[in-house]
Amino acid sequence: MDWFLNLLNTILIFGGALMILVFIHELGHFLAAKFFGMRVERFSVGFPPRVWGFKKGDTDYCIGATPLGGYVKISGMIDESMDTEHLDKEPEDWEYRSKPVWQRIITITAGVIFNMILAFGIYFGMTYSNGKAVLPIEESQGMYVPESSILSEIGFETGDKIVGVNGNRVTYFNELLSASQLTADDLRYTVIRGEEEITVPVSSNYLDSLQTRGFIEREYFYPSEISSVPAGNPADEAGLEPGDRIVSANGDTVRYWVELVEIIQNSEGPINFGIQRDESLFYASITPNQETKTIGIVSPSMQTLGVELIEYGFFESIAEGYNQTKEQTVGIVQGFTRMITGDISVSQNLGGPIAIANITKEATDQAGWIGFWNITALLSITLAILNILPIPALDGGHLVFLIYEGVTRREPSEKVRMVAQQIGFFLMVGLFIYVMFNDAFRYFGL
């Protein structure tokens, strides 16, 4: 039953995000078409068959049974419906094809524009209402690098203090993992190691494994400081208290939480810990629970690292919302470019509905509504970029024909447009099948 409830929760969360994205996208097309006097025959969230709706004026507002998209059917337009009945008649004033090229361009791109506006609105709203949690780079005391981690393979070492990325010094730790930096052509980090400043390059061989934000875990930066000691555990019986910092284990220096966890998990008997409490140092021999491989201490939080909350005013939030939208847009475009050029694997980095649903659920589980809106904004930008690609059946494909018409003063033939729509349709179906199978292999091992 738990797996069913978890699946249902995932579907509902993903469905909610998808409905928002599709509605906003199609609303852009709808409003632009109505503004220019075009007749909109149908506004559908979801693809046919139609399961519910109502008609008001000339427009059928409905919900389709296939919830993986939506469409606005504008009179006189060759679209995914492949409707060609109007081609045998003279254009009517209220038809798409009778309007000037510039009006049709605005109508076609309005969905993409509205998706970008949605992302900006989300980032603006979250910044204005919640501020932004940041970790000043000077608060970092270095990091722990497990021997078997990707960090170790790349060339990082325990104690390294990262202070810059791609040749730029940063103020906050968050900037080290920004989307535009991680997808740059020449990813490299500036590191202080001991008294020396060095550069650690990240070759393209590791880009697939980095999975954008997951390769530098925040836990690697946690000091070996105890936040709480539940009663009845070995650490409690040994007299450890919240705020204590474990500085040694069996005579070896300990600085980081992950390092401490590895020592405890690999132990076969009692461990002699050196414990710093305020200005004093004392020792305690503690035997870990051999079943759980724990001693009963709780890790520090981000606040232990010196996280600060920056609050923004109204106009500052506008600027920050723009910056975040721009940052994510650049990162996504660079990521797509690297997939196209073969720098990173398509199968590892291109996700379909299953992957998106899983990511949306994880973001919501980790950060609640903030996580949900963050991933919704990211998906809105992704949807905008995908739709503006010059592929027939997408907004970008229509835009190519309109630009051609605007430059040559000659409209492409109906036959050419119909064939292009059909090609684009089969391309999209093929891509959908690919990502579905790819998701199935990645998440279910099929």
# chains A, B, ... in the order shown; residues from 1 in each chain; ligands from 1
$ select_by_dssp --residues "region 80-193 of chain A" --states "strand (DSSP E)" --output "NGL selection string"
:A and (132-134 or 161-165 or 168-169 or 188-193)
$ select_by_dssp --residues "region 97-335 of chain A" --states "helix (DSSP H, G or I)" --output "ChimeraX atom specification"
/A:97-98,101-130,137-139,150-154,173-177,179-182,204-210,218-221,234-237,257-265,302-305,314-335
$ residues_around --residues "Pro242 (chain A)" --least-positions-apart "6" --cutoff "7 Å" --atoms "only C-alpha atoms" --output "ChimeraX atom specification"
/A:226-229
$ closest_residue --among "A:Phe173, A:Trp257, A:Tyr123, A:Phe30" --to "Gln328 (chain A)" --atoms "only C-alpha atoms"
A:Tyr123
$ residues_around --residues "Gln141 (chain A)" --least-positions-apart "3" --cutoff "10 Å" --atoms "only C-alpha atoms" --output "tab-separated table (two decimals) with C-alpha atoms, in the first residue's frame"
chain	number	residue	atom	x	y	z
A	137	ILE	CA	32.71	31.25	0.72
A	138	GLU	CA	34.96	32.46	3.54
A	144	TYR	CA	36.20	15.94	2.94
A	159	GLY	CA	41.01	19.85	3.01
A	160	ASP	CA	40.62	21.61	-0.35
A	161	LYS	CA	38.83	24.94	-0.12
A	162	ILE	CA	37.05	25.84	-3.36
A	221	PHE	CA	31.62	20.37	4.16
A	222	TYR	CA	30.04	19.57	7.53
A	223	PRO	CA	32.48	19.75	10.47
A	255	ARG	CA	37.75	17.30	10.89
A	256	TYR	CA	34.68	16.40	8.87
A	305	LEU	CA	28.42	26.18	8.31
$ residues_around --residues "Pro288 (chain A)" --least-positions-apart "3" --cutoff "8 Å" --atoms "only C-alpha atoms" --output "PyMOL selection string"
chain A and resi 234+264+267+269-271+293-295
$ write_last_selection --atoms "C-alpha atoms" --output "PDB file, in the first residue's frame"
ATOM      1  CA  PRO A 234      26.356   4.899  23.304  1.00  0.00           C
ATOM      2  CA  ILE A 264      32.396   4.611  12.939  1.00  0.00           C
ATOM      3  CA  SER A 267      35.007   0.012  13.278  1.00  0.00           C
ATOM      4  CA  GLY A 269      35.287  -2.449  18.452  1.00  0.00           C
ATOM      5  CA  PRO A 270      35.604   0.526  20.817  1.00  0.00           C
ATOM      6  CA  ILE A 271      36.892   3.837  19.449  1.00  0.00           C
ATOM      7  CA  LYS A 293      27.147   0.934  13.008  1.00  0.00           C
ATOM      8  CA  THR A 294      26.245   4.146  14.880  1.00  0.00           C
ATOM      9  CA  ILE A 295      27.005   5.714  18.247  1.00  0.00           C
TER      10      ILE A 295
END
$ residues_around --residues "Ile297 (chain A)" --least-positions-apart "5" --cutoff "12 Å" --atoms "only C-alpha atoms" --output "PyMOL selection string"
chain A and resi 224-246+257+260-261+264+286+288-289
$ residues_around --residues "region 371-385 of chain A" --least-positions-apart "3" --cutoff "7 Å" --atoms "only C-alpha atoms" --output "PyMOL selection string"
chain A and resi 17+21+112+115-116+118-119+122+328-329+332+360+363-364+366-368+388-389
$ closest_residue --among "A:Gln265, A:Gln181, A:Asn387, A:Asn272" --to "Ser248 (chain A)" --atoms "only C-alpha atoms"
A:Asn272
$ atom_distance --atom1 "CA of Ser44 (chain A)" --atom2 "CA of Cys62 (chain A)"
4.9 Å
$ atom_distance --atom1 "CA of Gly313 (chain A)" --atom2 "CA of Phe124 (chain A)"
10.4 Å
$ closest_residue --among "A:Tyr220, A:Thr171, A:Phe156, A:Pro412" --to "Val202 (chain A)" --atoms "only C-alpha atoms"
A:Phe156
